[in-house]
2 protein chains.
Amino acid sequence: MEQPSRLAGTVRPGGRTARVRAAVLEATQDILVEHGFHGLTMDQVAARAGVGKTTVYRRWGSTPGLVADLMKELANQSSPHADTGDVERDLLANAVSVWEAVTDGRLGATLQAVIAAGTCDEEAADALRAFFTRRIDEWVTVVDLAVKRGELPEGTDGGELVRAISAPLYYRLVVTREPVTRRDAERSVSRGLAAARAGAFVPDP
Amino acid sequence: MEQPSRLAGTVRPGGRTARVRAAVLEATQDILVEHGFHGLTMDQVAARAGVGKTTVYRRWGSTPGLVADLMKELANQSSPHADTGDVERDLLANAVSVWEAVTDGRLGATLQAVIAAGTCDEEAADALRAFFTRRIDEWVTVVDLAVKRGELPEGTDGGELVRAISAPLYYRLVVTREPVTRRDAERSVSRGLAAARAGAFVPDP
DNA sequence: CCATTAACGGGATAAGTGTCCCGTTAGCCG
DNA sequence: CGGCTAACGGGACACTTATCCCGTTAATGG
């Protein structure tokens, strides 16, 4: 018995293998958008991608495996962050990009599906954690620069501030499932900044 | 063809019907804790509850239906909220209860599963929304009283503040999937309060 | 351009899941 | 306490999904 998935596709990654992966991941995302993670099956992915069922099982093993790989793919399409020299504007750009992501039908549904997959599969959970910690780290520099410029108190924890700003948006998306508006993004920024200016993001001694 | 689920159990809700519901919901929760929403099947629920498979299909229809009913049941076990006359203490009690919920193996896993179910089923999503809006509303009075006492600015939006405080905890639980600590709960409260004292939770004119 | 073999695809098979029929059990009401 | 029937339970059936075998295709390297 060979290793089911990790090996396949690594020795000859060119041409066909790459095309198959692209087709499968796109089909995966399509189905996630239409039916959510619960409605994702290996069978349908194979059929929709125009690919042999065996191939999907061999390379990805299970639906959480598909979702995890899709998440890794999305992680590589990271959008560059703004840096205007004004924290409020920069963090607003961050919040708005989160808002756009969760509001966009395709990306929002995908995010929800990946989050659902993360609740029952360790591999998907790892991919999720990796994706978000990376996204957060990209914006931390904005906060650090603001601290240097004196806009925020010395020692302000950028990672925590960035998290605090996006948390309410995701909270509405997946937990309370209320509609998320652009104003929510704006409010989240002003609240995070208000707390940050008051020193609430400076760790205790 | 009769109505599949809404009717059954409403005419003779006593005795057996109630016992079956309790057994099924408990089995549902057990399986959610062990395998997550993705591993929940009608078959296993019936077997574990010691109940006919047909009964589960007739009364609940689908796995999201089970989850939605479980959520309604949990919504009725609402814990009373504190009111010590000190906002910080009260909101800390709220945050700690959220922390305990998401940290507790059984309740935390159940919450994650219900959230996963909400991503692909409208009924589960409704149950989720109902559960959380109710929980939030229970704590809004604490904020309102604090405003009356002058601890917080006039016009502070209690619902938003309560949401802002629990959001980072759920965000860590289901989105970034980082460990959630009691200190996270404490920080969340102090940050929310810092923003609230600065007037960031007072709606613009 | 050819040989090698990684990777794919079709189809058969097995396992699991959802649906239905109909006989049995036990709430509810007079 | 006895009849009516809501609700349950077992088991057969159909469908979907997962796994496996083996022949075919096409990347890779010389």
# chains A, B, ... in the order shown; residues from 1 in each chain; ligands from 1
$ interface_residues --of "chain A" --to "chain B" --cutoff "9 Å" --atoms "only C-alpha atoms" --output "ChimeraX atom specification"
/A:35-39,109,112-113,115-121,125-126,128-133,163-172,174-178,187-188,190-196,198-201
$ interface_residues --of "chain A" --to "chain D" --cutoff "10 Å" --atoms "only C-alpha atoms (C1' of nucleotides)" --output "NGL selection string"
:A and (11-17 or 41-44 or 54 or 57 or 62)
$ write_last_selection --atoms "C-alpha atoms" --output "compact mmCIF listing (two decimals), in the first residue's frame"
# COMPACT_ATOMS: atom_id res chain seq x y z
CA VAL A 11 7.58 14.00 -9.11
CA ARG A 12 5.96 15.26 -12.29
CA PRO A 13 4.27 18.48 -11.24
CA GLY A 14 4.19 19.95 -14.75
CA GLY A 15 1.59 19.97 -17.47
CA ARG A 16 -1.23 17.57 -16.81
CA THR A 17 -0.77 17.31 -13.06
CA THR A 41 -18.32 15.13 -2.16
CA MET A 42 -15.34 13.63 -3.93
CA ASP A 43 -17.63 12.25 -6.59
CA GLN A 44 -19.10 15.56 -7.63
CA THR A 54 -9.66 7.85 -8.58
CA TYR A 57 -9.04 10.21 -3.97
CA SER A 62 -10.94 13.35 1.54
$ select_by_dssp --residues "chain A" --states "alpha helix (DSSP H)" --output "VMD selection string"
chain A and resid 15 to 35 42 to 49 53 to 60 63 to 75 87 to 103 105 to 118 122 to 149 158 to 170 182 to 197
$ atom_distance --atom1 "CA of Gly155 (chain B)" --atom2 "CA of Val202 (chain B)"
5.3 Å
$ residues_around --residues "Val51 (chain B)" --least-positions-apart "4" --cutoff "8 Å" --atoms "only C-alpha atoms (C1' of nucleotides)" --output "JSON list (two decimals) with all heavy atoms, in the first residue's frame"
[["chain", "number", "residue", "atom", "x", "y", "z"],
["B", 20, "VAL", "N", -37.84, 10.20, 23.65],
["B", 20, "VAL", "CA", -37.14, 10.01, 22.38],
["B", 20, "VAL", "C", -36.36, 11.27, 22.01],
["B", 20, "VAL", "O", -35.19, 11.20, 21.65],
["B", 20, "VAL", "CB", -38.15, 9.65, 21.27],
["B", 20, "VAL", "CG1", -37.52, 9.82, 19.90],
["B", 20, "VAL", "CG2", -38.64, 8.22, 21.44],
["B", 24, "VAL", "N", -32.37, 11.42, 21.54],
["B", 24, "VAL", "CA", -31.82, 11.77, 20.23],
["B", 24, "VAL", "C", -30.90, 12.99, 20.33],
["B", 24, "VAL", "O", -29.81, 13.00, 19.77],
["B", 24, "VAL", "CB", -32.96, 12.02, 19.22],
["B", 24, "VAL", "CG1", -32.44, 12.71, 17.97],
["B", 24, "VAL", "CG2", -33.63, 10.70, 18.86],
["B", 46, "ALA", "N", -29.56, 7.52, 15.39],
["B", 46, "ALA", "CA", -30.63, 6.59, 15.75],
["B", 46, "ALA", "C", -30.08, 5.42, 16.56],
["B", 46, "ALA", "O", -30.62, 5.07, 17.62],
["B", 46, "ALA", "CB", -31.32, 6.09, 14.49],
["B", 47, "ALA", "N", -28.98, 4.85, 16.07],
["B", 47, "ALA", "CA", -28.40, 3.69, 16.75],
["B", 47, "ALA", "C", -27.99, 4.06, 18.18],
["B", 47, "ALA", "O", -28.29, 3.36, 19.15],
["B", 47, "ALA", "CB", -27.20, 3.18, 15.96],
["B", 55, "THR", "N", -37.79, 7.13, 12.90],
["B", 55, "THR", "CA", -38.24, 8.19, 13.80],
["B", 55, "THR", "C", -37.39, 9.45, 13.64],
["B", 55, "THR", "O", -37.91, 10.57, 13.58],
["B", 55, "THR", "CB", -38.16, 7.70, 15.25],
["B", 55, "THR", "OG1", -39.00, 6.55, 15.39],
["B", 55, "THR", "CG2", -38.61, 8.78, 16.21],
["B", 56, "VAL", "N", -36.10, 9.25, 13.55],
["B", 56, "VAL", "CA", -35.20, 10.40, 13.42],
["B", 56, "VAL", "C", -35.48, 11.13, 12.12],
["B", 56, "VAL", "O", -35.58, 12.36, 12.11],
["B", 56, "VAL", "CB", -33.73, 9.95, 13.49],
["B", 56, "VAL", "CG1", -32.81, 11.16, 13.40],
["B", 56, "VAL", "CG2", -33.47, 9.19, 14.78],
["D", 9, "DG", "P", -38.50, 4.02, 18.81],
["D", 9, "DG", "OP1", -37.91, 3.63, 20.11],
["D", 9, "DG", "OP2", -37.85, 5.02, 17.95],
["D", 9, "DG", "O5'", -38.74, 2.71, 17.93],
["D", 9, "DG", "C5'", -39.44, 1.62, 18.49],
["D", 9, "DG", "C4'", -39.35, 0.41, 17.58],
["D", 9, "DG", "O4'", -40.27, 0.59, 16.47],
["D", 9, "DG", "C3'", -37.96, 0.20, 16.96],
["D", 9, "DG", "O3'", -37.63, -1.18, 17.09],
["D", 9, "DG", "C2'", -38.11, 0.63, 15.51],
["D", 9, "DG", "C1'", -39.60, 0.40, 15.24],
["D", 9, "DG", "N9", -40.21, 1.36, 14.31],
["D", 9, "DG", "C8", -40.06, 2.73, 14.33],
["D", 9, "DG", "N7", -40.74, 3.33, 13.39],
["D", 9, "DG", "C5", -41.39, 2.30, 12.71],
["D", 9, "DG", "C6", -42.27, 2.35, 11.60],
["D", 9, "DG", "O6", -42.67, 3.33, 10.98],
["D", 9, "DG", "N1", -42.69, 1.06, 11.23],
["D", 9, "DG", "C2", -42.31, -0.10, 11.85],
["D", 9, "DG", "N2", -42.82, -1.23, 11.35],
["D", 9, "DG", "N3", -41.49, -0.15, 12.89],
["D", 9, "DG", "C4", -41.07, 1.08, 13.27]]
$ closest_atom_pairs --of "chain C" --to "chain A" --cutoff "10 Å" --atoms "only C-alpha atoms (C1' of nucleotides)" --output "JSON lines"
{"residue": "C:DA6", "atom": "C1'", "partner": "A:Arg12", "partner_atom": "CA", "distance": 6.6}
{"residue": "C:DA7", "atom": "C1'", "partner": "A:Gly9", "partner_atom": "CA", "distance": 7.3}
{"residue": "C:DC8", "atom": "C1'", "partner": "A:Thr55", "partner_atom": "CA", "distance": 6.5}
{"residue": "C:DG9", "atom": "C1'", "partner": "A:Gly52", "partner_atom": "CA", "distance": 5.1}
{"residue": "C:DG10", "atom": "C1'", "partner": "A:Gly52", "partner_atom": "CA", "distance": 8.0}
$ write_last_selection --atoms "N, CA, C and O atoms (P, O5', C5', C4', C3', O3' and C1' of nucleotides)" --output "compact mmCIF listing (two decimals), in the first residue's frame"
# COMPACT_ATOMS: atom_id res chain seq x y z
P DA C 6 7.47 5.82 -10.98
O5' DA C 6 6.85 7.26 -10.70
C5' DA C 6 7.48 8.41 -11.24
C4' DA C 6 6.44 9.44 -11.68
C3' DA C 6 5.29 9.66 -10.71
O3' DA C 6 4.97 11.05 -10.73
C1' DA C 6 4.43 8.90 -12.81
P DA C 7 3.92 11.65 -9.64
O5' DA C 7 2.54 11.54 -10.41
C5' DA C 7 2.35 12.34 -11.58
C4' DA C 7 1.09 11.89 -12.27
C3' DA C 7 -0.15 11.80 -11.38
O3' DA C 7 -1.04 12.85 -11.74
C1' DA C 7 -0.01 10.00 -12.95
P DC C 8 -2.57 12.89 -11.28
O5' DC C 8 -3.33 12.16 -12.48
C5' DC C 8 -3.25 12.71 -13.78
C4' DC C 8 -4.02 11.85 -14.76
C3' DC C 8 -5.51 11.71 -14.45
O3' DC C 8 -6.26 12.15 -15.56
C1' DC C 8 -4.53 9.59 -14.84
P DG C 9 -7.87 12.29 -15.43
O5' DG C 9 -8.39 10.87 -15.90
C5' DG C 9 -8.12 10.44 -17.23
C4' DG C 9 -8.91 9.19 -17.54
C3' DG C 9 -10.35 9.20 -17.03
O3' DG C 9 -11.19 8.74 -18.08
C1' DG C 9 -9.18 7.31 -16.14
P DG C 10 -12.75 8.74 -17.95
O5' DG C 10 -13.12 7.19 -17.96
C5' DG C 10 -12.58 6.35 -18.96
C4' DG C 10 -12.90 4.90 -18.67
C3' DG C 10 -14.34 4.62 -18.24
O3' DG C 10 -14.82 3.48 -18.94
C1' DG C 10 -12.84 3.80 -16.59
$ atom_distance --atom1 "CA of Asp204 (chain A)" --atom2 "CA of Arg182 (chain B)"
14.8 Å
